[in-house]
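What follows is a single structure, written as structure tokens, with notes after it.
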Amino acid sequence: MTQRYLVTGGAGFIGSHIAEALLRQGQEVIVIDNLATGKKSHLEVLMRVAATPAVQEKGGSLCFVQGDLRDFSGLQEVVRGVDFILHQAALPSVARSLEDPQTTSQVNIEGTLNLLVAAYEARVKRFVYASSSSVYGDSPVLPKHEDMPPQPLSPYAVSKLAGEQYCRVFAHVYGLETVSLRYFNVFGPRQNPYAQYAAVIPRFIHQILNGERPVVYGDGEQSRDFSYIDNIVQANLLALEAPEVSGMVCNIACGERITLNELLQELGKIFGQRIQAEYTTPRPGDVKHSQADISRARQLLRYRPIVGFAEGLRRTVAYIRQMEKERPER
Ligand SMILES: NC(=O)c1ccc[n+]([C@@H]2O[C@H](COP(=O)([O-])OP(=O)(O)OC[C@H]3O[C@@H](n4cnc5c(N)ncnc54)[C@H](O)[C@@H]3O)[C@@H](O)[C@H]2O)c1
């Protein structure tokens with residue numbers, strides 16, 4: 001049966017992939033986005049998917065609302081009649097939050113609270129929230145387990161943790177079903193390589209394709225649990241349906257640890273050349289190591305990583321190479 005899904009931030013990297021997966025299932029999808037970092041080109045892809053006979057036959061449809069999480073009455077209108085919410089919209093950068101903590105808080109904390117209230121009023125069946133591994137901070141304990149005390153190191157991490165806590169409170173106090181997914185470093189097609197605060201994988205690929213030396217903040221021995229986008233989409237779809245998870249937080253990653261120097265080696269294999277990086281001073285607020293314990297997601301959501309790091313990296317290089325050939329908007 002077709003259900004109505006609201007994907008916030010659906011013009012962004014992760015949200016557009018989730019919206020696409022739902023459309024392909026034949027669902028009714030509403031995207032709300034203010035296009036702060038999202039792209040019209042991603043919406044155009046979604047519109048093309050929605051227009052395919054396979055999606056049409058299943059009853060799938062797409063509606064885009066250009067709106068802002070900070071506009072509560074606008075949210076109330078959009079949420080009316082929605083069955084499920086996948087809340088991906090946020091200002092998703094540590095560096096940006098250090099420069100402008102207030103806007104990060106208004107969008108990520110108050111925006112999430114607005115959406116939770118609107119969801120409660122509209123009796124939404126489940127609310128899945130995009131949280132972040134940044135809430136763990138720089139604790140030397142690895143892998144990171146959900147029961148570890150959070151220790152945010154940036155306004156961004158504080159904002160993601162506050163969103164989680166609101167989700168937990170809305171589950172326990174108001175009975176709204178919520179699940180928070182703590183994504184570790186996500187990568188894949190549609191992640192913006194040109195943004196001022198671009199994530200490391202698309203930024204490195206863009207720099208290599210343009211004959212530049214990738215810039216590494218620190219000695220390159222910092223590590224991350226990089227997850228290809230398909231794994232994150234799968235986790236969201238599972239979180240919509242899993243029983244007995246309301247109010248919970250689950251790590252979503254691959255459970256591996258890859259240093260930036262290893263990432264550069266892997267890129268060297270794909271490009272068939274030795275990559276010479278430029279090493280510079282570490283950035284404030286960045287954590288040194290990150291690796292997830294994904295046993296809770298395996299158990300509660302039946303989540304399994306489906307695309308590994310090397311394969312995901314090959315697909316991402318192929319996408320950015322093609323995109324740069326076509327010279328789209330930047
Ligand atoms: N990419 C990662 O590695 C990663 C890791 C952990 C958590 N997350 C979380 O996942 C979510 C999606 O991140 P992403 O990487 O796709 O980023 P993104 O910037 O591509 O997507 C965020 C979207 O939210 C929209 N948005 C921003 N402010 C808004 C507002 N006030 N109202 C409406 N829409 C607004 C943007 O326009 C954009 O389309 C975020 O909540 C982020 O915190 C991402």
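Letters A, B, ... mark the chains of the structure tokens in the order given; residue numbers begin at 1 per chain; ligand numbers begin at 1, in order shown.
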- Task: Please run DSSP on the backbone and report, as a PyMOL selection string, all residues within segment 119-314 of chain A that come out as alpha helix (DSSP H).
- Result: chain A and resi 119-121+155-174+200-209+229-241+260-271+295-296+309-314
- Query: ligand 1: which residues are within 6 Å, counting only C-alpha atoms and all ligand atoms, as a VMD selection string?
  - Reply: chain A and resid 9 to 15 33 to 38 67 to 70 88 to 92 107 130 to 132 183 to 186
- Please report, as a PyMOL selection string, each residue of segment 50-133 of chain A to which DSSP assigns strand (DSSP E or B) when run on this structure's backbone. chain A and resi 61-66+84-87+126-132
Could you write out the selected residues, including N, CA and C atoms, as an mmCIF file, in the first residue's frame?
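The result, stored in selection.cif:
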data_model
loop_
_atom_site.group_PDB
_atom_site.id
_atom_site.type_symbol
_atom_site.label_atom_id
_atom_site.label_comp_id
_atom_site.auth_asym_id
_atom_site.auth_seq_id
_atom_site.Cartn_x
_atom_site.Cartn_y
_atom_site.Cartn_z
ATOM 1 N N SER A 61 4.848 8.949 -6.269
ATOM 2 C CA SER A 61 4.748 10.346 -6.710
ATOM 3 C C SER A 61 5.686 11.206 -5.878
ATOM 4 N N LEU A 62 6.005 12.384 -6.436
ATOM 5 C CA LEU A 62 6.928 13.293 -5.762
ATOM 6 C C LEU A 62 6.334 14.686 -5.693
ATOM 7 N N CYS A 63 6.464 15.304 -4.513
ATOM 8 C CA CYS A 63 6.027 16.701 -4.379
ATOM 9 C C CYS A 63 7.164 17.450 -3.674
ATOM 10 N N PHE A 64 7.588 18.571 -4.250
ATOM 11 C CA PHE A 64 8.650 19.350 -3.611
ATOM 12 C C PHE A 64 8.084 20.614 -2.989
ATOM 13 N N VAL A 65 8.426 20.842 -1.734
ATOM 14 C CA VAL A 65 8.024 22.067 -1.055
ATOM 15 C C VAL A 65 9.290 22.820 -0.679
ATOM 16 N N GLN A 66 9.440 24.041 -1.199
ATOM 17 C CA GLN A 66 10.585 24.837 -0.780
ATOM 18 C C GLN A 66 10.208 25.505 0.532
ATOM 19 N N PHE A 84 5.047 8.880 7.537
ATOM 20 C CA PHE A 84 6.403 8.699 8.077
ATOM 21 C C PHE A 84 7.273 9.910 7.753
ATOM 22 N N ILE A 85 8.181 10.238 8.673
ATOM 23 C CA ILE A 85 9.131 11.338 8.410
ATOM 24 C C ILE A 85 10.565 10.797 8.488
ATOM 25 N N LEU A 86 11.366 11.165 7.479
ATOM 26 C CA LEU A 86 12.808 10.884 7.514
ATOM 27 C C LEU A 86 13.488 12.242 7.570
ATOM 28 N N HIS A 87 13.975 12.596 8.734
ATOM 29 C CA HIS A 87 14.443 13.972 8.969
ATOM 30 C C HIS A 87 15.951 14.068 8.710
ATOM 31 N N ARG A 126 5.944 7.140 12.362
ATOM 32 C CA ARG A 126 7.331 7.033 12.846
ATOM 33 C C ARG A 126 8.182 8.159 12.286
ATOM 34 N N PHE A 127 9.143 8.582 13.104
ATOM 35 C CA PHE A 127 10.010 9.713 12.794
ATOM 36 C C PHE A 127 11.447 9.200 12.901
ATOM 37 N N VAL A 128 12.149 9.162 11.763
ATOM 38 C CA VAL A 128 13.543 8.687 11.768
ATOM 39 C C VAL A 128 14.454 9.904 11.646
ATOM 40 N N TYR A 129 15.394 10.002 12.555
ATOM 41 C CA TYR A 129 16.230 11.205 12.672
ATOM 42 C C TYR A 129 17.684 10.915 12.303
ATOM 43 N N ALA A 130 18.243 11.782 11.453
ATOM 44 C CA ALA A 130 19.651 11.648 11.057
ATOM 45 C C ALA A 130 20.539 12.281 12.111
ATOM 46 N N SER A 131 21.151 11.451 12.958
ATOM 47 C CA SER A 131 22.110 11.974 13.921
ATOM 48 C C SER A 131 23.525 11.728 13.395
ATOM 49 N N SER A 132 24.497 11.918 14.269
ATOM 50 C CA SER A 132 25.874 11.916 13.778
ATOM 51 C C SER A 132 26.835 11.330 14.800
#
- Task: Fewer than 5 positions away in the same chain doesn't count, so skip those; otherwise give me all residues within 12 Å of Thr280 of chain A, counting only C-alpha atoms, as a list in words.
- Result: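 Counting only C-alpha atoms, the residues come to Arg213, Pro214, Val215, Val216, Tyr217, Gly218, Asp219 and Gly220 of chain A.
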For the selection you just gave me, I'd like the residues written to a file as a PDB file, in the first residue's frame, keeping N, CA, C and O atoms.
ATOM      1  N   ARG A 213      47.045  18.769  -5.364  1.00  0.00           N
ATOM      2  CA  ARG A 213      47.404  17.846  -4.275  1.00  0.00           C
ATOM      3  C   ARG A 213      46.309  17.893  -3.219  1.00  0.00           C
ATOM      4  O   ARG A 213      45.952  18.981  -2.748  1.00  0.00           O
ATOM      5  N   PRO A 214      45.753  16.731  -2.830  1.00  0.00           N
ATOM      6  CA  PRO A 214      44.725  16.732  -1.771  1.00  0.00           C
ATOM      7  C   PRO A 214      45.284  17.335  -0.481  1.00  0.00           C
ATOM      8  O   PRO A 214      46.412  17.032  -0.108  1.00  0.00           O
ATOM      9  N   VAL A 215      44.478  18.176   0.158  1.00  0.00           N
ATOM     10  CA  VAL A 215      44.939  18.832   1.388  1.00  0.00           C
ATOM     11  C   VAL A 215      44.459  18.028   2.594  1.00  0.00           C
ATOM     12  O   VAL A 215      43.259  17.795   2.766  1.00  0.00           O
ATOM     13  N   VAL A 216      45.416  17.587   3.421  1.00  0.00           N
ATOM     14  CA  VAL A 216      45.105  16.803   4.624  1.00  0.00           C
ATOM     15  C   VAL A 216      45.353  17.683   5.846  1.00  0.00           C
ATOM     16  O   VAL A 216      46.451  18.236   5.993  1.00  0.00           O
ATOM     17  N   TYR A 217      44.339  17.832   6.689  1.00  0.00           N
ATOM     18  CA  TYR A 217      44.517  18.599   7.928  1.00  0.00           C
ATOM     19  C   TYR A 217      45.070  17.656   8.990  1.00  0.00           C
ATOM     20  O   TYR A 217      44.363  16.792   9.479  1.00  0.00           O
ATOM     21  N   GLY A 218      46.350  17.802   9.334  1.00  0.00           N
ATOM     22  CA  GLY A 218      46.987  16.894  10.292  1.00  0.00           C
ATOM     23  C   GLY A 218      47.924  15.945   9.553  1.00  0.00           C
ATOM     24  O   GLY A 218      48.306  16.186   8.403  1.00  0.00           O
ATOM     25  N   ASP A 219      48.265  14.815  10.237  1.00  0.00           N
ATOM     26  CA  ASP A 219      49.273  13.906   9.657  1.00  0.00           C
ATOM     27  C   ASP A 219      48.664  12.807   8.786  1.00  0.00           C
ATOM     28  O   ASP A 219      49.375  11.946   8.285  1.00  0.00           O
ATOM     29  N   GLY A 220      47.341  12.807   8.635  1.00  0.00           N
ATOM     30  CA  GLY A 220      46.698  11.797   7.781  1.00  0.00           C
ATOM     31  C   GLY A 220      46.465  10.483   8.501  1.00  0.00           C
ATOM     32  O   GLY A 220      45.919   9.544   7.926  1.00  0.00           O
TER      33      GLY A 220
END
Using only C-alpha atoms, I'd like a table of the residues in segment 129-196 of chain A that come within 7 Å of segment 282-289 of chain A; for each, show the closest atom pair and its distance in Å rounded to one decimal, ordered by chain and ascending number, as JSON lines.
{"residue": "A:Gly137", "atom": "CA", "partner": "A:Val287", "partner_atom": "CA", "distance": 6.3}
{"residue": "A:Asp138", "atom": "CA", "partner": "A:Val287", "partner_atom": "CA", "distance": 5.1}
{"residue": "A:Leu153", "atom": "CA", "partner": "A:Gly285", "partner_atom": "CA", "distance": 5.6}
{"residue": "A:Ser154", "atom": "CA", "partner": "A:Gly285", "partner_atom": "CA", "distance": 5.6}
Go ahead and write the residues just picked, N, CA, C and O atoms, as a short mmCIF file (atom, residue, chain, number, x, y, z; two decimals), in the first residue's frame.
data_model
loop_
_atom_site.label_atom_id
_atom_site.label_comp_id
_atom_site.auth_asym_id
_atom_site.auth_seq_id
_atom_site.Cartn_x
_atom_site.Cartn_y
_atom_site.Cartn_z
N GLY A 137 32.42 12.71 20.30
CA GLY A 137 33.60 13.51 20.60
C GLY A 137 34.87 12.71 20.43
O GLY A 137 34.92 11.78 19.62
N ASP A 138 35.88 13.04 21.22
CA ASP A 138 37.21 12.48 20.98
C ASP A 138 37.61 11.43 22.01
O ASP A 138 38.79 11.27 22.29
N LEU A 153 32.15 17.98 20.70
CA LEU A 153 33.29 18.92 20.67
C LEU A 153 33.02 20.14 19.82
O LEU A 153 33.91 20.96 19.64
N SER A 154 31.84 20.22 19.23
CA SER A 154 31.54 21.37 18.37
C SER A 154 30.06 21.72 18.53
O SER A 154 29.26 20.87 18.92
#
Per residue of segment 117-195 of chain A within 7 Å of segment 243-249 of chain A, what are the shortest atom pair and its distance in Å to one decimal, counting only C-alpha atoms, with rows by chain and residue number, as CSV?
residue,atom,partner,partner_atom,distance
A:Glu146,CA,A:Val249,CA,6.8
A:Cys167,CA,A:Gly247,CA,6.5
A:Arg168,CA,A:Gly247,CA,4.4
A:Ala171,CA,A:Gly247,CA,5.0
A:His172,CA,A:Gly247,CA,6.7
A:Glu177,CA,A:Ser246,CA,5.0
A:Thr178,CA,A:Ser246,CA,5.1
A:Val179,CA,A:Met248,CA,5.4
A:Ser180,CA,A:Val249,CA,4.6
A:Leu181,CA,A:Val249,CA,5.8
A:Arg182,CA,A:Val249,CA,6.9
Residues from the last selection, all heavy atoms, saved as a CSV table (one decimal), in the first residue's frame:
chain,number,residue,atom,x,y,z
A,146,GLU,N,26.8,2.9,21.5
A,146,GLU,CA,25.7,3.8,21.8
A,146,GLU,C,25.6,4.1,23.3
A,146,GLU,O,25.1,5.2,23.7
A,146,GLU,CB,24.4,3.3,21.3
A,146,GLU,CG,24.2,3.2,19.8
A,146,GLU,CD,24.7,1.9,19.3
A,146,GLU,OE1,25.5,1.1,20.0
A,146,GLU,OE2,24.4,1.6,18.1
A,167,CYS,N,14.2,13.6,20.3
A,167,CYS,CA,13.5,12.4,19.7
A,167,CYS,C,13.2,11.4,20.8
A,167,CYS,O,12.1,10.8,20.9
A,167,CYS,CB,14.4,11.7,18.7
A,167,CYS,SG,14.4,12.7,17.1
A,168,ARG,N,14.1,11.2,21.7
A,168,ARG,CA,13.9,10.3,22.8
A,168,ARG,C,12.8,10.7,23.7
A,168,ARG,O,11.9,10.0,24.1
A,168,ARG,CB,15.2,10.2,23.6
A,168,ARG,CG,15.3,9.0,24.6
A,168,ARG,CD,16.6,8.9,25.3
A,168,ARG,NE,17.0,10.2,26.0
A,168,ARG,CZ,16.6,10.6,27.2
A,168,ARG,NH1,15.8,9.8,27.9
A,168,ARG,NH2,16.9,11.8,27.7
A,171,ALA,N,9.4,10.2,22.1
A,171,ALA,CA,9.0,8.8,22.2
A,171,ALA,C,8.5,8.5,23.6
A,171,ALA,O,7.4,7.9,23.7
A,171,ALA,CB,10.2,7.9,21.8
A,172,HIS,N,9.2,8.9,24.6
A,172,HIS,CA,8.9,8.4,26.0
A,172,HIS,C,7.7,9.2,26.6
A,172,HIS,O,6.9,8.7,27.3
A,172,HIS,CB,10.1,8.5,26.9
A,172,HIS,CG,11.1,7.4,26.5
A,172,HIS,ND1,10.9,6.1,26.5
A,172,HIS,CD2,12.4,7.5,26.0
A,172,HIS,CE1,11.9,5.4,26.0
A,172,HIS,NE2,12.9,6.3,25.8
A,177,GLU,N,6.6,7.7,17.8
A,177,GLU,CA,7.7,6.7,17.6
A,177,GLU,C,8.8,7.4,16.9
A,177,GLU,O,8.7,7.9,15.8
A,177,GLU,CB,7.2,5.5,16.7
A,177,GLU,CG,6.2,4.6,17.5
A,177,GLU,CD,6.2,3.2,16.9
A,177,GLU,OE1,7.0,2.9,16.0
A,177,GLU,OE2,5.3,2.5,17.3
A,178,THR,N,10.0,7.4,17.5
A,178,THR,CA,11.2,8.0,16.9
A,178,THR,C,12.4,7.0,16.9
A,178,THR,O,12.4,6.1,17.8
A,178,THR,CB,11.6,9.2,17.7
A,178,THR,OG1,12.1,8.9,19.0
A,178,THR,CG2,10.5,10.3,17.8
A,179,VAL,N,13.2,7.1,16.0
A,179,VAL,CA,14.5,6.3,16.0
A,179,VAL,C,15.6,7.3,15.5
A,179,VAL,O,15.4,8.0,14.5
A,179,VAL,CB,14.5,5.2,14.9
A,179,VAL,CG1,15.7,4.3,15.1
A,179,VAL,CG2,13.2,4.3,15.1
A,180,SER,N,16.7,7.3,16.2
A,180,SER,CA,17.8,8.2,15.8
A,180,SER,C,18.9,7.3,15.3
A,180,SER,O,19.4,6.3,15.9
A,180,SER,CB,18.4,9.0,17.0
A,180,SER,OG,17.4,9.9,17.5
A,181,LEU,N,19.4,7.7,14.1
A,181,LEU,CA,20.5,6.9,13.4
A,181,LEU,C,21.7,7.8,13.5
A,181,LEU,O,21.8,8.8,12.9
A,181,LEU,CB,20.1,6.5,12.0
A,181,LEU,CG,18.8,5.8,11.8
A,181,LEU,CD1,18.6,5.5,10.3
A,181,LEU,CD2,18.8,4.5,12.6
A,182,ARG,N,22.8,7.3,14.2
A,182,ARG,CA,24.0,8.0,14.2
A,182,ARG,C,24.9,7.6,13.0
A,182,ARG,O,25.6,6.6,13.1
A,182,ARG,CB,24.8,7.7,15.5
A,182,ARG,CG,24.2,8.4,16.7
A,182,ARG,CD,25.1,8.2,18.0
A,182,ARG,NE,24.4,8.8,19.1
A,182,ARG,CZ,24.7,8.5,20.4
A,182,ARG,NH1,25.6,7.6,20.7
A,182,ARG,NH2,24.0,9.1,21.3
- Query: Near segment 291-304 of chain A, counting only C-alpha atoms, which residues have an atom at most 7 Å away, once you skip same-chain residues fewer than 2 positions from it, shown as a list in words?
  - Reply: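 Near neighbours after the sequence-gap exclusion: Leu142, Pro143, Lys144, His145, Arg224, Asp225, Ala235, Leu238, Ala239, Ala242, Val245, Cys250, Asn251, Ile252, Ala253, Gly255, Glu256, Arg257, His289 and Ile306 of chain A.
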Would you mind exporting the chosen residues as a short mmCIF file (atom, residue, chain, number, x, y, z; two decimals), in the first residue's frame, restricted to all heavy atoms?
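Everything below was put into part-v1.cif:
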data_model
loop_
_atom_site.label_atom_id
_atom_site.label_comp_id
_atom_site.auth_asym_id
_atom_site.auth_seq_id
_atom_site.Cartn_x
_atom_site.Cartn_y
_atom_site.Cartn_z
N LEU A 142 37.49 2.87 21.42
CA LEU A 142 37.00 2.44 20.11
C LEU A 142 36.66 0.96 20.18
O LEU A 142 37.34 0.22 20.88
CB LEU A 142 38.08 2.64 19.03
CG LEU A 142 38.44 4.08 18.65
CD1 LEU A 142 39.59 4.08 17.65
CD2 LEU A 142 37.25 4.83 18.06
N PRO A 143 35.68 0.46 19.42
CA PRO A 143 34.76 1.25 18.64
C PRO A 143 33.74 1.98 19.54
O PRO A 143 33.56 1.62 20.70
CB PRO A 143 34.06 0.21 17.77
CG PRO A 143 34.11 -1.05 18.57
CD PRO A 143 35.38 -0.98 19.35
N LYS A 144 33.08 2.98 18.95
CA LYS A 144 32.10 3.77 19.71
C LYS A 144 30.80 2.97 19.85
O LYS A 144 30.25 2.49 18.85
CB LYS A 144 31.76 5.07 18.98
CG LYS A 144 32.95 5.84 18.49
CD LYS A 144 33.65 6.58 19.60
CE LYS A 144 34.70 7.51 19.01
NZ LYS A 144 35.70 7.94 19.96
N HIS A 145 30.35 2.85 21.08
CA HIS A 145 29.11 2.13 21.35
C HIS A 145 28.06 3.12 21.83
O HIS A 145 28.40 4.10 22.50
CB HIS A 145 29.37 1.04 22.40
CG HIS A 145 28.19 0.18 22.65
ND1 HIS A 145 27.23 0.48 23.57
CD2 HIS A 145 27.79 -0.96 22.05
CE1 HIS A 145 26.28 -0.44 23.54
NE2 HIS A 145 26.60 -1.33 22.61
N ARG A 224 38.51 7.23 10.05
CA ARG A 224 37.06 7.38 9.99
C ARG A 224 36.43 6.05 9.57
O ARG A 224 37.05 5.26 8.86
CB ARG A 224 36.66 8.45 8.95
CG ARG A 224 37.13 9.86 9.27
CD ARG A 224 36.38 10.46 10.46
NE ARG A 224 36.80 11.81 10.80
CZ ARG A 224 37.73 12.12 11.69
NH1 ARG A 224 38.36 11.17 12.36
NH2 ARG A 224 38.02 13.38 11.96
N ASP A 225 35.18 5.88 9.97
CA ASP A 225 34.41 4.69 9.57
C ASP A 225 33.56 5.13 8.37
O ASP A 225 32.42 5.55 8.54
CB ASP A 225 33.55 4.24 10.75
CG ASP A 225 32.97 2.85 10.57
OD1 ASP A 225 32.84 2.42 9.41
OD2 ASP A 225 32.64 2.22 11.59
N ALA A 235 19.61 1.47 6.00
CA ALA A 235 19.35 1.61 7.45
C ALA A 235 18.08 2.42 7.69
O ALA A 235 17.28 2.09 8.58
CB ALA A 235 20.54 2.29 8.12
N LEU A 238 15.01 0.30 6.96
CA LEU A 238 14.80 -0.68 8.03
C LEU A 238 14.26 0.00 9.29
O LEU A 238 13.40 -0.56 9.98
CB LEU A 238 16.12 -1.40 8.34
CG LEU A 238 16.64 -2.33 7.24
CD1 LEU A 238 18.09 -2.74 7.53
CD2 LEU A 238 15.75 -3.58 7.13
N ALA A 239 14.76 1.20 9.57
CA ALA A 239 14.34 1.91 10.79
C ALA A 239 12.87 2.33 10.74
O ALA A 239 12.26 2.55 11.77
CB ALA A 239 15.23 3.14 11.01
N ALA A 242 11.28 -1.45 11.80
CA ALA A 242 11.75 -2.36 12.85
C ALA A 242 10.87 -2.24 14.10
O ALA A 242 10.51 -1.13 14.50
CB ALA A 242 13.19 -2.03 13.20
N VAL A 245 11.88 -0.37 18.64
CA VAL A 245 13.05 0.50 18.58
C VAL A 245 12.74 1.94 18.96
O VAL A 245 13.63 2.79 18.96
CB VAL A 245 13.71 0.51 17.17
CG1 VAL A 245 14.40 -0.80 16.88
CG2 VAL A 245 12.70 0.87 16.09
N CYS A 250 20.84 4.27 17.19
CA CYS A 250 21.67 3.19 16.61
C CYS A 250 22.79 3.78 15.77
O CYS A 250 22.55 4.66 14.94
CB CYS A 250 20.85 2.30 15.66
SG CYS A 250 19.67 1.25 16.45
N ASN A 251 24.00 3.28 15.97
CA ASN A 251 25.10 3.62 15.07
C ASN A 251 24.85 3.02 13.69
O ASN A 251 24.43 1.86 13.59
CB ASN A 251 26.41 3.00 15.57
CG ASN A 251 26.94 3.66 16.82
OD1 ASN A 251 26.58 4.78 17.13
ND2 ASN A 251 27.81 2.95 17.53
N ILE A 252 25.15 3.80 12.65
CA ILE A 252 25.06 3.26 11.29
C ILE A 252 26.38 3.55 10.58
O ILE A 252 26.75 4.71 10.36
CB ILE A 252 23.89 3.88 10.50
CG1 ILE A 252 22.56 3.66 11.23
CG2 ILE A 252 23.85 3.32 9.08
CD1 ILE A 252 22.11 2.22 11.39
N ALA A 253 27.09 2.48 10.25
CA ALA A 253 28.40 2.60 9.59
C ALA A 253 28.77 1.23 9.05
O ALA A 253 27.89 0.37 8.90
CB ALA A 253 29.42 3.09 10.61
N GLY A 255 31.60 -0.32 10.54
CA GLY A 255 32.32 -0.97 11.64
C GLY A 255 33.81 -1.11 11.33
O GLY A 255 34.49 -1.94 11.94
N GLU A 256 34.32 -0.28 10.40
CA GLU A 256 35.75 -0.36 10.04
C GLU A 256 36.41 0.99 10.30
O GLU A 256 35.74 1.99 10.48
CB GLU A 256 35.88 -0.69 8.54
CG GLU A 256 35.48 -2.10 8.23
CD GLU A 256 35.22 -2.31 6.74
OE1 GLU A 256 35.37 -1.34 5.97
OE2 GLU A 256 34.88 -3.43 6.38
N ARG A 257 37.75 0.98 10.25
CA ARG A 257 38.47 2.24 10.53
C ARG A 257 39.50 2.44 9.44
O ARG A 257 40.39 1.61 9.27
CB ARG A 257 39.14 2.10 11.89
CG ARG A 257 39.66 3.37 12.46
CD ARG A 257 39.63 3.30 13.98
NE ARG A 257 40.64 2.39 14.51
CZ ARG A 257 41.88 2.75 14.79
NH1 ARG A 257 42.28 3.99 14.55
NH2 ARG A 257 42.72 1.90 15.29
N HIS A 289 39.99 9.86 15.92
CA HIS A 289 39.62 8.53 15.41
C HIS A 289 38.12 8.30 15.56
O HIS A 289 37.51 8.77 16.51
CB HIS A 289 40.36 7.42 16.15
CG HIS A 289 41.82 7.49 15.97
ND1 HIS A 289 42.43 7.28 14.75
CD2 HIS A 289 42.81 7.76 16.85
CE1 HIS A 289 43.74 7.42 14.89
NE2 HIS A 289 43.99 7.71 16.15
N ILE A 306 25.93 -3.17 2.92
CA ILE A 306 25.78 -3.91 1.66
C ILE A 306 26.81 -3.52 0.61
O ILE A 306 27.05 -4.27 -0.32
CB ILE A 306 24.34 -3.76 1.08
CG1 ILE A 306 23.85 -2.31 1.15
CG2 ILE A 306 23.35 -4.70 1.76
CD1 ILE A 306 22.46 -2.08 0.57
#
- Task: Go through A:Gln165, A:Met323, A:Glu121, A:Glu28 and flag the residue nearest Lys58 of chain A, using only C-alpha atoms for the distances.
- Result: A:Glu28
- Message: Quick one: residues within 12 Å of Val158 of chain A, only C-alpha atoms, excluding same-chain residues fewer than 4 positions away - as a list in words?
- Response: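 Skipping anything fewer than 4 positions along the chain leaves Pro92, Ser93, Val94, Ser97, Leu98, Pro101, Gln102, Thr104, Ser105, Asn108, Ile109, Ser131, Ser132, Ser133, Ser134, Val135, Tyr136, Gly137, Pro150, Gln151, Pro152, Leu153, Ser154, Ala162, Gly163, Glu164, Gln165 and Gly285 of chain A.
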- Message: When you count only C-alpha atoms, which of these residues is closest to Asn192 of chain A: A:Glu266, A:Glu324, A:Glu110, A:Asp147?
- Response: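 Of all the options, A:Glu324 lies closest to Asn192 of chain A.
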- In terms of only C-alpha atoms, the residue from A:Phe204, A:Phe271, A:Tyr279, A:Phe226 at minimal distance from Thr259 of chain A is A:Phe226
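Nearest residue to Arg24 of chain A, choosing from A:Glu77, A:Asp71, A:Asp230, A:Glu57 and counting only C-alpha atoms: A:Glu57.
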- Item | Close residues, Arg123 of chain A itself excluded, 9 Å, only C-alpha atoms, min 2 positions apart in chain, as a PyMOL selection string | chain A and resi 80-83+118-121+125-126+176
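Minimum distance to Thr2 of chain A across A:Ala318, A:Glu44, A:Gln56, A:Glu20 (counting only C-alpha atoms) occurs at A:Gln56.
Considering only C-alpha atoms, the residue among A:Met148, A:Leu161, A:Val307, A:Leu115 positioned nearest to Gln234 of chain A is A:Val307.
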- Task: Can you work out the spacing between atom CA of Pro305 of chain A and atom CA of Ala199 of chain A in Å, to one decimal?
- Result: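 Those two atoms sit 20.7 Å apart.
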- Message: When you look at Gly188 of chain A with a cut-off of 7 Å (counting only C-alpha atoms), what residues show up, excluding the ones that are within fewer than 4 positions of it in the same chain? I need them as a list in words.
- Response: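 The filter keeps Tyr228, Ile229, Gly312 and Thr316 of chain A.
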